[in-house]
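So this one's run-v2.txt, compact mmCIF, C-alpha atoms:
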```txt
# COMPACT_ATOMS: atom_id res chain seq x y z
CA MET D 1 0.00 0.00 0.00
CA PRO D 2 1.62 3.27 -1.06
CA THR D 3 1.89 5.96 1.60
CA ALA D 4 3.60 9.34 1.55
CA GLY D 5 7.15 9.06 0.31
CA ASN D 6 6.85 5.42 -0.75
CA HIS D 7 6.97 3.86 -4.18
CA HIS D 8 4.68 0.99 -5.03
CA VAL D 9 4.51 -1.26 -8.06
CA LEU D 10 0.95 -1.95 -9.20
CA PRO D 11 1.30 -5.22 -11.08
CA ALA D 12 -0.20 -5.66 -14.52
CA ARG D 13 -3.93 -6.57 -14.43
CA GLN D 14 -4.30 -5.65 -10.75
CA GLY D 15 -6.03 -2.88 -8.80
CA ILE D 16 -5.43 -0.95 -5.60
CA ALA D 17 -7.10 1.69 -3.42
CA VAL D 18 -4.96 4.54 -2.11
CA ALA D 19 -6.07 6.97 0.59
CA LEU D 20 -4.92 10.55 0.04
CA ARG D 21 -5.24 13.42 2.48
CA ALA D 22 -6.13 16.82 1.07
CA GLY D 23 -3.04 18.24 -0.59
CA GLU D 24 -1.28 14.91 -1.02
CA ARG D 25 -0.47 13.91 -4.56
CA LEU D 26 -0.44 10.57 -6.31
CA ARG D 27 2.01 10.10 -9.15
CA VAL D 28 1.16 7.34 -11.62
CA THR D 29 4.12 6.35 -13.74
CA ASN D 30 3.73 4.42 -16.98
CA THR D 31 6.82 2.34 -16.24
CA HIS D 32 7.03 0.48 -19.54
CA GLY D 33 4.89 2.79 -21.70
CA GLY D 34 1.59 2.13 -23.45
CA GLN D 35 -0.38 1.09 -20.35
CA VAL D 36 -3.91 2.31 -19.58
CA VAL D 37 -4.77 2.95 -15.92
CA ASP D 38 -8.46 3.10 -15.01
CA THR D 39 -8.82 5.61 -12.18
CA TRP D 40 -11.64 6.42 -9.78
CA ALA D 41 -11.93 8.58 -6.66
CA LEU D 42 -14.39 8.66 -3.77
CA ALA D 43 -14.73 11.28 -1.04
CA ALA D 44 -13.20 9.67 2.06
CA ASP D 45 -16.02 10.83 4.32
CA ASP D 46 -18.88 9.93 1.94
CA VAL D 47 -18.28 7.21 -0.61
CA GLY D 48 -21.57 8.20 -2.25
CA GLU D 49 -19.62 11.15 -3.65
CA TYR D 50 -17.47 9.91 -6.49
CA LEU D 51 -15.44 11.26 -9.36
CA SER D 52 -17.89 11.63 -12.25
CA MET D 53 -16.80 11.82 -15.85
CA GLU D 54 -20.10 13.41 -16.95
CA HIS D 55 -19.87 16.10 -14.28
CA SER D 56 -16.19 16.69 -15.10
CA ARG D 57 -16.95 17.11 -18.81
CA THR D 58 -19.77 19.51 -17.94
CA SER D 59 -17.64 21.65 -15.61
CA LEU D 60 -14.59 21.65 -17.89
CA THR D 61 -16.54 21.82 -21.18
CA ARG D 62 -13.94 19.40 -22.44
CA LEU D 63 -13.89 15.72 -23.38
CA VAL D 64 -10.55 15.17 -21.63
CA PRO D 65 -8.99 17.05 -18.72
CA ARG D 66 -5.78 18.99 -19.24
CA LEU D 67 -2.93 20.00 -16.96
CA GLY D 68 -4.29 22.17 -14.15
CA ASP D 69 -7.88 20.99 -14.52
CA GLY D 70 -10.03 19.92 -11.60
CA LEU D 71 -11.74 16.52 -11.76
CA TYR D 72 -15.28 16.84 -10.50
CA SER D 73 -17.57 14.68 -8.41
CA ASN D 74 -21.24 13.91 -8.85
CA CYS D 75 -21.72 16.76 -6.34
CA ARG D 76 -19.89 19.10 -8.75
CA ARG D 77 -16.85 19.78 -6.60
CA PRO D 78 -13.28 18.95 -7.55
CA LEU D 79 -11.92 15.86 -5.79
CA LEU D 80 -8.60 15.86 -7.65
CA THR D 81 -6.53 18.24 -9.73
CA LEU D 82 -4.30 17.15 -12.59
CA VAL D 83 -1.11 18.89 -11.49
CA GLU D 84 1.56 17.14 -13.59
CA ASP D 85 1.46 15.30 -16.90
CA THR D 86 4.62 14.40 -18.79
CA SER D 87 2.69 12.13 -21.18
CA PRO D 88 1.27 13.32 -24.51
CA GLY D 89 -1.90 14.23 -22.56
CA VAL D 90 -4.01 11.53 -24.18
CA HIS D 91 -6.56 10.29 -21.62
CA ASP D 92 -10.18 9.18 -21.83
CA THR D 93 -13.45 9.93 -20.07
CA LEU D 94 -15.80 8.16 -22.51
CA ILE D 95 -15.32 4.42 -22.14
CA ALA D 96 -16.67 2.10 -19.43
CA ALA D 97 -14.35 -0.02 -17.29
CA CYS D 98 -13.83 -3.49 -18.72
CA ASP D 99 -15.76 -6.22 -16.93
CA PRO D 100 -16.47 -9.95 -17.35
CA GLU D 101 -19.25 -9.34 -19.89
CA ARG D 102 -16.97 -7.12 -21.97
CA TYR D 103 -14.45 -9.93 -22.29
CA ARG D 104 -17.17 -12.46 -23.00
CA GLN D 105 -18.48 -10.27 -25.83
CA LEU D 106 -14.93 -9.87 -27.17
CA GLY D 107 -14.60 -13.66 -27.29
CA ALA D 108 -12.32 -14.32 -24.34
CA PRO D 109 -12.40 -17.97 -23.32
CA GLY D 110 -13.16 -18.39 -19.61
CA SER D 111 -12.64 -15.74 -16.97
CA HIS D 112 -10.42 -12.70 -17.48
CA ALA D 113 -8.98 -10.14 -15.10
CA ASN D 114 -10.90 -6.87 -15.47
CA CYS D 115 -11.00 -3.32 -14.15
CA ALA D 116 -14.54 -3.46 -12.73
CA GLU D 117 -13.69 -6.36 -10.44
CA ASN D 118 -10.39 -4.72 -9.56
CA PHE D 119 -12.36 -1.63 -8.49
CA ARG D 120 -14.70 -3.66 -6.32
CA SER D 121 -11.93 -5.80 -4.82
CA ALA D 122 -9.71 -2.85 -4.00
CA LEU D 123 -12.55 -1.13 -2.16
CA ALA D 124 -13.67 -4.35 -0.46
CA ALA D 125 -10.14 -4.65 0.96
CA ARG D 126 -10.86 -1.34 2.72
CA GLY D 127 -14.29 -2.50 3.90
CA ILE D 128 -16.21 -0.54 1.27
CA GLN D 129 -18.86 -2.27 -0.81
CA ALA D 130 -19.31 -0.76 -4.27
CA ASP D 131 -22.66 -1.54 -5.85
CA ARG D 132 -21.98 0.43 -8.97
CA VAL D 133 -18.80 1.05 -10.92
CA PRO D 134 -18.66 4.70 -11.97
CA ALA D 135 -17.25 5.60 -15.36
CA PRO D 136 -13.48 5.76 -14.81
CA LEU D 137 -10.95 8.36 -15.79
CA ASN D 138 -8.88 6.23 -18.14
CA LEU D 139 -5.38 7.62 -17.79
CA PHE D 140 -3.18 7.25 -20.86
CA MET D 141 -6.07 5.70 -22.87
CA ASN D 142 -6.24 6.69 -26.52
CA ILE D 143 -9.83 6.90 -27.72
CA ARG D 144 -9.97 9.06 -30.83
CA TRP D 145 -13.21 10.86 -31.64
CA ARG D 146 -14.04 11.85 -35.16
CA GLU D 147 -16.07 14.81 -36.31
CA ASP D 148 -19.01 12.47 -37.07
CA GLY D 149 -18.91 10.99 -33.54
CA GLN D 150 -17.20 7.72 -34.42
CA LEU D 151 -14.81 6.46 -31.73
CA GLU D 152 -11.67 4.45 -32.30
CA PHE D 153 -9.69 2.34 -29.79
CA LEU D 154 -6.00 3.07 -30.40
CA PRO D 155 -2.75 2.13 -28.65
CA SER D 156 -1.76 4.36 -25.76
CA PRO D 157 0.97 6.80 -26.82
CA ALA D 158 2.36 7.06 -23.27
CA ARG D 159 6.11 6.56 -23.24
CA ALA D 160 8.10 4.54 -20.72
CA GLY D 161 8.53 6.77 -17.65
CA ASP D 162 5.73 9.20 -18.50
CA TYR D 163 3.72 10.13 -15.45
CA VAL D 164 0.59 11.90 -14.32
CA THR D 165 0.21 13.45 -10.87
CA LEU D 166 -3.18 13.93 -9.23
CA GLU D 167 -3.52 16.20 -6.21
CA ALA D 168 -6.26 15.53 -3.69
CA THR D 169 -8.49 18.57 -3.18
CA ILE D 170 -10.17 16.93 -0.19
CA ASP D 171 -9.47 13.62 1.59
CA VAL D 172 -10.16 10.94 -1.01
CA ILE D 173 -9.78 7.28 -1.77
CA VAL D 174 -8.32 6.79 -5.23
CA VAL D 175 -8.74 3.42 -6.93
CA LEU D 176 -6.49 2.43 -9.81
CA SER D 177 -6.46 -0.58 -12.09
CA ALA D 178 -3.64 -1.46 -14.46
CA CYS D 179 -6.04 -2.37 -17.25
CA PRO D 180 -5.86 -6.07 -18.21
CA MET D 181 -7.21 -5.53 -21.73
CA ASP D 182 -5.41 -7.74 -24.23
CA LEU D 183 -8.16 -8.19 -26.83
CA ASN D 184 -7.92 -4.73 -28.38
CA PRO D 185 -4.86 -2.53 -28.92
CA ILE D 186 -5.33 0.03 -26.11
CA ASN D 187 -2.44 -1.34 -24.04
CA ALA D 188 0.26 -0.82 -26.62
CA ARG D 189 2.64 -3.45 -25.20
CA GLY D 190 0.02 -5.67 -23.61
CA PRO D 191 -0.78 -5.37 -19.89
CA GLN D 192 2.18 -4.00 -17.91
CA ASP D 193 3.02 -2.93 -14.39
CA VAL D 194 2.80 0.73 -13.44
CA GLU D 195 4.33 2.55 -10.50
CA LEU D 196 2.60 4.63 -7.85
CA GLU D 197 4.07 7.20 -5.51
CA VAL D 198 2.36 9.34 -2.91
CA LEU D 199 3.95 12.75 -2.59
CA PRO D 200 3.45 14.75 0.59
CA ALA D 201 1.35 17.89 0.73
CA THR D 202 4.19 20.20 1.64
CA ARG D 203 5.83 20.51 -1.79
CA ALA D 204 4.93 23.26 -4.22
CA ARG D 205 1.76 22.38 -6.09
CA THR D 206 2.86 23.41 -9.56
CA PRO D 207 5.85 25.38 -10.79
CA ALA D 208 3.53 28.30 -11.46
CA SER D 209 1.99 28.30 -7.97
CA PRO D 210 3.64 29.75 -4.87
CA PRO D 211 4.60 27.01 -2.38
CA ASP D 212 1.98 28.11 0.12
CA THR D 213 -0.99 27.89 -2.24
CA PRO D 214 -3.70 25.97 -0.39
CA PRO D 215 -4.64 22.66 -1.94
CA GLY D 216 -7.36 23.07 -4.52
CA ALA D 217 -7.30 26.85 -4.50
CA GLY D 218 -8.69 28.23 -7.68
CA THR D 219 -9.95 24.91 -8.97
CA ALA D 220 -13.60 25.23 -7.95
CA MET U 1 -49.43 8.46 -16.97
CA PRO U 2 -49.04 7.39 -20.61
CA THR U 3 -50.08 3.83 -21.44
CA ALA U 4 -50.36 2.04 -24.77
CA GLY U 5 -52.30 4.11 -27.27
CA ASN U 6 -52.48 7.20 -25.10
CA HIS U 7 -50.96 10.63 -25.60
CA HIS U 8 -49.55 12.50 -22.65
CA VAL U 9 -48.23 16.02 -22.32
CA LEU U 10 -45.10 16.24 -20.19
CA PRO U 11 -45.15 19.84 -19.00
CA ALA U 12 -42.07 22.02 -19.26
CA ARG U 13 -39.61 21.51 -16.36
CA GLN U 14 -41.31 18.30 -15.18
CA GLY U 15 -40.42 14.61 -15.18
CA ILE U 16 -42.26 11.32 -15.46
CA ALA U 17 -41.58 7.58 -15.29
CA VAL U 18 -43.15 5.36 -17.95
CA ALA U 19 -43.26 1.56 -17.75
CA LEU U 20 -42.76 -0.19 -21.11
CA ARG U 21 -43.18 -3.87 -21.80
CA ALA U 22 -40.70 -5.50 -24.14
CA GLY U 23 -41.58 -4.47 -27.68
CA GLU U 24 -43.58 -1.40 -26.69
CA ARG U 25 -42.32 1.89 -28.01
CA LEU U 26 -42.23 5.35 -26.53
CA ARG U 27 -42.47 8.28 -28.90
CA VAL U 28 -41.13 11.58 -27.58
CA THR U 29 -42.33 14.54 -29.63
CA ASN U 30 -40.63 17.91 -29.47
CA THR U 31 -43.96 19.72 -29.62
CA HIS U 32 -42.65 23.27 -29.89
CA GLY U 33 -39.10 22.52 -31.08
CA GLY U 34 -35.77 23.22 -29.38
CA GLN U 35 -36.49 21.28 -26.18
CA VAL U 36 -33.97 18.92 -24.53
CA VAL U 37 -35.38 15.79 -22.88
CA ASP U 38 -33.15 14.00 -20.35
CA THR U 39 -33.88 10.29 -20.62
CA TRP U 40 -33.00 7.30 -18.43
CA ALA U 41 -34.06 3.67 -18.38
CA LEU U 42 -33.96 0.96 -15.72
CA ALA U 43 -34.62 -2.74 -16.11
CA ALA U 44 -38.08 -3.30 -14.64
CA ASP U 45 -37.03 -6.41 -12.72
CA ASP U 46 -33.72 -5.02 -11.41
CA VAL U 47 -33.40 -1.29 -11.04
CA GLY U 48 -29.68 -1.80 -10.39
CA GLU U 49 -29.43 -2.31 -14.16
CA TYR U 50 -29.67 1.05 -15.85
CA LEU U 51 -29.05 2.65 -19.21
CA SER U 52 -25.39 3.64 -19.20
CA MET U 53 -23.95 6.23 -21.53
CA GLU U 54 -20.39 4.94 -21.06
CA HIS U 55 -21.41 1.38 -21.89
CA SER U 56 -23.47 2.58 -24.85
CA ARG U 57 -20.53 4.56 -26.26
CA THR U 58 -18.28 1.53 -25.78
CA SER U 59 -20.67 -0.88 -27.52
CA LEU U 60 -21.55 1.53 -30.32
CA THR U 61 -18.06 3.07 -30.65
CA ARG U 62 -19.91 6.32 -31.16
CA LEU U 63 -20.44 9.47 -29.10
CA VAL U 64 -24.12 9.62 -30.02
CA PRO U 65 -26.52 6.82 -30.98
CA ARG U 66 -28.03 6.77 -34.45
CA LEU U 67 -31.23 5.37 -35.90
CA GLY U 68 -31.32 1.62 -35.33
CA ASP U 69 -28.76 1.63 -32.52
CA GLY U 70 -29.25 -0.22 -29.26
CA LEU U 71 -28.85 1.71 -26.01
CA TYR U 72 -26.89 -0.37 -23.54
CA SER U 73 -27.08 -0.95 -19.82
CA ASN U 74 -24.29 -1.17 -17.26
CA CYS U 75 -24.65 -4.95 -17.82
CA ARG U 76 -23.88 -4.39 -21.53
CA ARG U 77 -27.25 -5.44 -22.91
CA PRO U 78 -29.56 -3.21 -24.92
CA LEU U 79 -32.52 -1.89 -22.91
CA LEU U 80 -33.85 0.30 -25.71
CA THR U 81 -33.45 0.67 -29.46
CA LEU U 82 -33.68 3.99 -31.28
CA VAL U 83 -36.22 2.96 -33.93
CA GLU U 84 -37.43 6.33 -35.25
CA ASP U 85 -35.88 9.78 -35.36
CA THR U 86 -37.35 12.57 -37.47
CA SER U 87 -35.10 15.19 -35.82
CA PRO U 88 -31.68 16.21 -37.17
CA GLY U 89 -30.26 13.36 -35.04
CA VAL U 90 -28.49 15.69 -32.62
CA HIS U 91 -28.50 14.09 -29.16
CA ASP U 92 -26.01 13.96 -26.31
CA THR U 93 -24.41 11.32 -24.07
CA LEU U 94 -21.70 13.49 -22.50
CA ILE U 95 -23.35 15.93 -20.12
CA ALA U 96 -24.67 15.31 -16.59
CA ALA U 97 -28.28 15.99 -15.67
CA CYS U 98 -28.80 19.46 -14.26
CA ASP U 99 -29.22 19.58 -10.48
CA PRO U 100 -29.51 22.20 -7.73
CA GLU U 101 -25.73 22.69 -7.53
CA ARG U 102 -25.53 23.23 -11.29
CA TYR U 103 -28.01 26.09 -11.07
CA ARG U 104 -26.28 27.52 -8.01
CA GLN U 105 -22.97 27.55 -9.90
CA LEU U 106 -24.68 29.20 -12.89
CA GLY U 107 -25.93 31.96 -10.60
CA ALA U 108 -29.61 31.08 -10.27
CA PRO U 109 -31.20 32.86 -7.32
CA GLY U 110 -33.01 30.44 -5.00
CA SER U 111 -34.23 27.00 -5.99
CA HIS U 112 -34.69 25.90 -9.58
CA ALA U 113 -36.48 22.95 -11.17
CA ASN U 114 -33.90 20.42 -12.38
CA CYS U 115 -33.61 17.09 -14.14
CA ALA U 116 -31.88 15.22 -11.30
CA GLU U 117 -34.74 15.91 -8.88
CA ASN U 118 -37.25 15.14 -11.62
CA PHE U 119 -35.55 11.74 -12.04
CA ARG U 120 -35.71 10.99 -8.33
CA SER U 121 -39.28 12.24 -7.93
CA ALA U 122 -40.58 10.31 -10.92
CA LEU U 123 -39.11 7.09 -9.55
CA ALA U 124 -40.22 7.83 -6.00
CA ALA U 125 -43.79 8.09 -7.32
CA ARG U 126 -43.37 4.44 -8.36
CA GLY U 127 -41.89 3.46 -5.01
CA ILE U 128 -38.30 3.33 -6.28
CA GLN U 129 -35.58 5.15 -4.39
CA ALA U 130 -32.72 6.32 -6.61
CA ASP U 131 -29.49 6.97 -4.72
CA ARG U 132 -27.53 7.92 -7.80
CA VAL U 133 -28.53 9.71 -10.96
CA PRO U 134 -26.96 7.96 -13.95
CA ALA U 135 -25.70 10.02 -16.87
CA PRO U 136 -28.78 10.63 -19.01
CA LEU U 137 -29.32 10.22 -22.72
CA ASN U 138 -30.04 13.85 -23.55
CA LEU U 139 -32.47 13.66 -26.44
CA PHE U 140 -32.33 16.63 -28.83
CA MET U 141 -29.41 18.20 -26.90
CA ASN U 142 -26.79 19.94 -29.01
CA ILE U 143 -23.33 19.56 -27.50
CA ARG U 144 -20.74 20.14 -30.18
CA TRP U 145 -17.32 18.54 -29.76
CA ARG U 146 -14.30 20.00 -31.43
CA GLU U 147 -11.23 18.17 -32.68
CA ASP U 148 -9.28 19.42 -29.63
CA GLY U 149 -11.90 18.10 -27.20
CA GLN U 150 -13.57 21.39 -26.43
CA LEU U 151 -17.34 21.14 -25.87
CA GLU U 152 -19.91 23.79 -26.67
CA PHE U 153 -23.49 24.11 -25.39
CA LEU U 154 -25.66 25.07 -28.37
CA PRO U 155 -29.39 25.47 -28.97
CA SER U 156 -31.24 22.29 -29.83
CA PRO U 157 -31.93 22.11 -33.57
CA ALA U 158 -35.04 19.93 -33.08
CA ARG U 159 -38.00 21.36 -35.01
CA ALA U 160 -41.57 21.59 -33.77
CA GLY U 161 -43.10 18.16 -34.24
CA ASP U 162 -39.82 16.25 -34.55
CA TYR U 163 -39.90 12.98 -32.64
CA VAL U 164 -37.77 10.12 -31.47
CA THR U 165 -39.14 6.63 -30.80
CA LEU U 166 -37.48 4.25 -28.38
CA GLU U 167 -38.41 0.57 -28.41
CA ALA U 168 -38.08 -1.47 -25.22
CA THR U 169 -35.87 -4.52 -25.70
CA ILE U 170 -36.90 -5.88 -22.30
CA ASP U 171 -39.45 -4.63 -19.76
CA VAL U 172 -38.13 -1.25 -18.64
CA ILE U 173 -38.99 1.88 -16.73
CA VAL U 174 -38.13 4.95 -18.76
CA VAL U 175 -37.74 8.27 -16.96
CA LEU U 176 -37.96 11.53 -18.89
CA SER U 177 -37.43 15.13 -17.85
CA ALA U 178 -38.37 18.13 -19.98
CA CYS U 179 -35.15 19.94 -19.08
CA PRO U 180 -35.75 23.16 -17.11
CA MET U 181 -32.47 24.78 -18.16
CA ASP U 182 -32.91 28.48 -18.84
CA LEU U 183 -29.43 29.74 -17.98
CA ASN U 184 -27.68 28.50 -21.10
CA PRO U 185 -29.00 28.23 -24.65
CA ILE U 186 -29.61 24.45 -24.91
CA ASN U 187 -33.41 24.83 -24.85
CA ALA U 188 -33.69 26.99 -27.94
CA ARG U 189 -37.08 28.51 -27.00
CA GLY U 190 -36.72 28.20 -23.25
CA PRO U 191 -38.30 25.27 -21.37
CA GLN U 192 -41.29 23.85 -23.25
CA ASP U 193 -43.77 20.99 -22.99
CA VAL U 194 -43.12 17.80 -24.91
CA GLU U 195 -45.52 15.02 -25.81
CA LEU U 196 -45.25 11.31 -25.03
CA GLU U 197 -47.03 8.41 -26.66
CA VAL U 198 -46.71 4.71 -25.94
CA LEU U 199 -47.12 2.61 -29.08
CA PRO U 200 -48.10 -1.03 -28.76
CA ALA U 201 -45.72 -3.87 -29.55
CA THR U 202 -47.70 -5.22 -32.45
CA ARG U 203 -46.80 -2.63 -35.07
CA ALA U 204 -43.87 -3.04 -37.44
CA ARG U 205 -40.64 -2.09 -35.77
CA THR U 206 -39.11 -0.02 -38.54
CA PRO U 207 -40.04 0.41 -42.16
CA ALA U 208 -37.02 -1.71 -43.09
CA SER U 209 -37.93 -4.59 -40.75
CA PRO U 210 -40.56 -7.23 -41.41
CA PRO U 211 -43.54 -6.82 -39.09
CA ASP U 212 -42.74 -10.02 -37.22
CA THR U 213 -39.19 -9.11 -36.31
CA PRO U 214 -38.81 -9.84 -32.59
CA PRO U 215 -38.13 -6.82 -30.42
CA GLY U 216 -34.45 -6.14 -30.16
CA ALA U 217 -33.43 -8.74 -32.73
CA GLY U 218 -30.06 -7.96 -34.19
CA THR U 219 -29.28 -5.22 -31.71
CA ALA U 220 -27.13 -7.21 -29.29
```

As C-alpha cells, please, write out the structure in this file.
Amino acid sequence: MPTAGNHHVLPARQGIAVALRAGERLRVTNTHGGQVVDTWALAADDVGEYLSMEHSRTSLTRLVPRLGDGLYSNCRRPLLTLVEDTSPGVHDTLIAACDPERYRQLGAPGSHANCAENFRSALAARGIQADRVPAPLNLFMNIRWREDGQLEFLPSPARAGDYVTLEATIDVIVVLSACPMDLNPINARGPQDVELEVLPATRARTPASPPDTPPGAGTA
Amino acid sequence: MPTAGNHHVLPARQGIAVALRAGERLRVTNTHGGQVVDTWALAADDVGEYLSMEHSRTSLTRLVPRLGDGLYSNCRRPLLTLVEDTSPGVHDTLIAACDPERYRQLGAPGSHANCAENFRSALAARGIQADRVPAPLNLFMNIRWREDGQLEFLPSPARAGDYVTLEATIDVIVVLSACPMDLNPINARGPQDVELEVLPATRARTPASPPDTPPGAGTA
C-alpha cells in the first residue's frame, strides 16, 4: 500500500485503493509505456460522492482534462486536480471499465482479469462495498473521436517513464487498475506494471503556484 | 401516466416515469421545437441495471446513438433501441443531468427545477428510491465537440413536431425530464412541454424490418 514518500509497483492486471489526504499527490508512472490505468476517486467521508466523468466534462466543457484541470464529483466539486502530466496528454473519459461481460463479448475464453472487479476488490479490501462502478478516468487511454462521432480504440501513446500526478483537493480514496485488456490494442505493449508514488502535501503544487498555495485553490 | 395508445403532455420543467413492456415503443415529440429531454431507463425487474452512456458509447463506438442503434445498460445489454428519429439526429451522451448545484454555480437565485430531482421524484412516485442519478441520454441536446476536445453548449436544432421513438428490448422503466435549463441556450425557445405516446408492440418495428421481427433482434 503506497503511503507518503513510498513507491509501489501496481502489477499488470491488478487494482489498488490509495487513501490521500487533502493536498497529497499521487504520481502514476507508466513504467514500460503504453499502459492504460483506469482511475476512480471517492470522497473519504462519503463514498456516495465519487469522481464523475459526466460532471467533469460539464464543468470543464472538455472531453478530456488537461494539466491544471479539476476533476469533479457527482456533487460538482473537484476531488482531484491534474497537477503534472509528462505524457502526450491523451486520456479518456468516454469508455466504461472493462468487466467480465466485456471480455465475453470480445470472445475471451473463460474468466479474465478486469478493471470493474479490480475496483470492487480494491474497495472491499478497505471494507467498502461498491454496488456500482462509476465511469473511470482512463489515464493514458487513446480513444480518438471523429467529427461524425465515431470512436476508435487506439494504442496508448504514453512513453516509458511518462507520469501523471493527481492532487487531492479533499481527503479521497483513489482506486487504480492497471487495465488487463489484451483483446484490443489500447495497451500498446500488452498489460504492464505501473508505479505509484504518494507525494506529501508540503511541496509546491505546480511550478507556477507559490509554495503556500492551499490545496485546490482556484480549482472550484 | 401514458399507457399504450395514449398521448400524454409532459409539461415544461417536469419529469415522469413510464413503464414499457418489451416491444412497446415510446415516442417523444418535441412539440414546440428546441427542447432537450433527459432520458433514463432501468430494467423493470432489477433497477440496479440502468441505461449507461459509457457502456453505450463503448458498444456503439460512437459518441451519439443513431437510428437503429441499441442503447446499452451497465450490464452491456440493450434496454432500448432507437427505432425512429425525425429530428436532425443531434443528441447527447456526455453531459450530466442538471441539479440544484448546477443552477447555483450558474448563478440562479433560489431553488430551480432540475432534471436530477425530476428523475428521483418520478421514480419515488413508483416506489423506487434512486441513490444515484446515472448520466442521461439527452435527447435533442446539441453539445458540439471539437477536434481538440472542447465542448460547446448550443441550442437544440429539433424542429416543432420532430420525434424520437425508443423501443423497449426488455421490460423497462423509462424516466424523462423536460429539461428546465434556462441559464444556457440548450433549450432553444426556453423550457417547453413535450408530448409522449406509448405505441403497442404489435406494429412493425421499422419500415425496413418485417412486421414479425422480434423486439431487439439484431441489436445485441

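Compared by their closest atoms to chain U, and using all atoms listed in the file, the residues D:Asp182, D:Asp85, D:Glu117, D:Glu49 rank with D:Glu49 nearest.
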
Proximal residues of chain D relative to chain U (only C-alpha atoms; 10 Å) as a ChimeraX atom specification: /D:48-49,52-65,74-77,93-102,105,131-136,143-153,220

U:Ala17, U:Leu26, U:Ile173, U:Leu154 ranked by distance to Thr81 (chain U), top pick (using only C-alpha atoms):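 Between U:Ala17, U:Leu26, U:Ile173, U:Leu154, the residue approaching Thr81 (chain U) most closely is U:Leu26.
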
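Near region 166-171 of chain U, within a cut-off of 6 Å and counting all atoms listed in the file, sit the residues Leu20, Arg21, Ala22, Gly23, Glu24, Arg25, Leu26, Ala44, Leu79, Leu80, Thr81, Leu82, Val83, Pro215 and Gly216 of chain U, with same-chain residues fewer than 6 positions away left out.
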
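Take CA of Ala113 (chain D) and CA of Gly161 (chain D): the distance between them is 24.5 Å.
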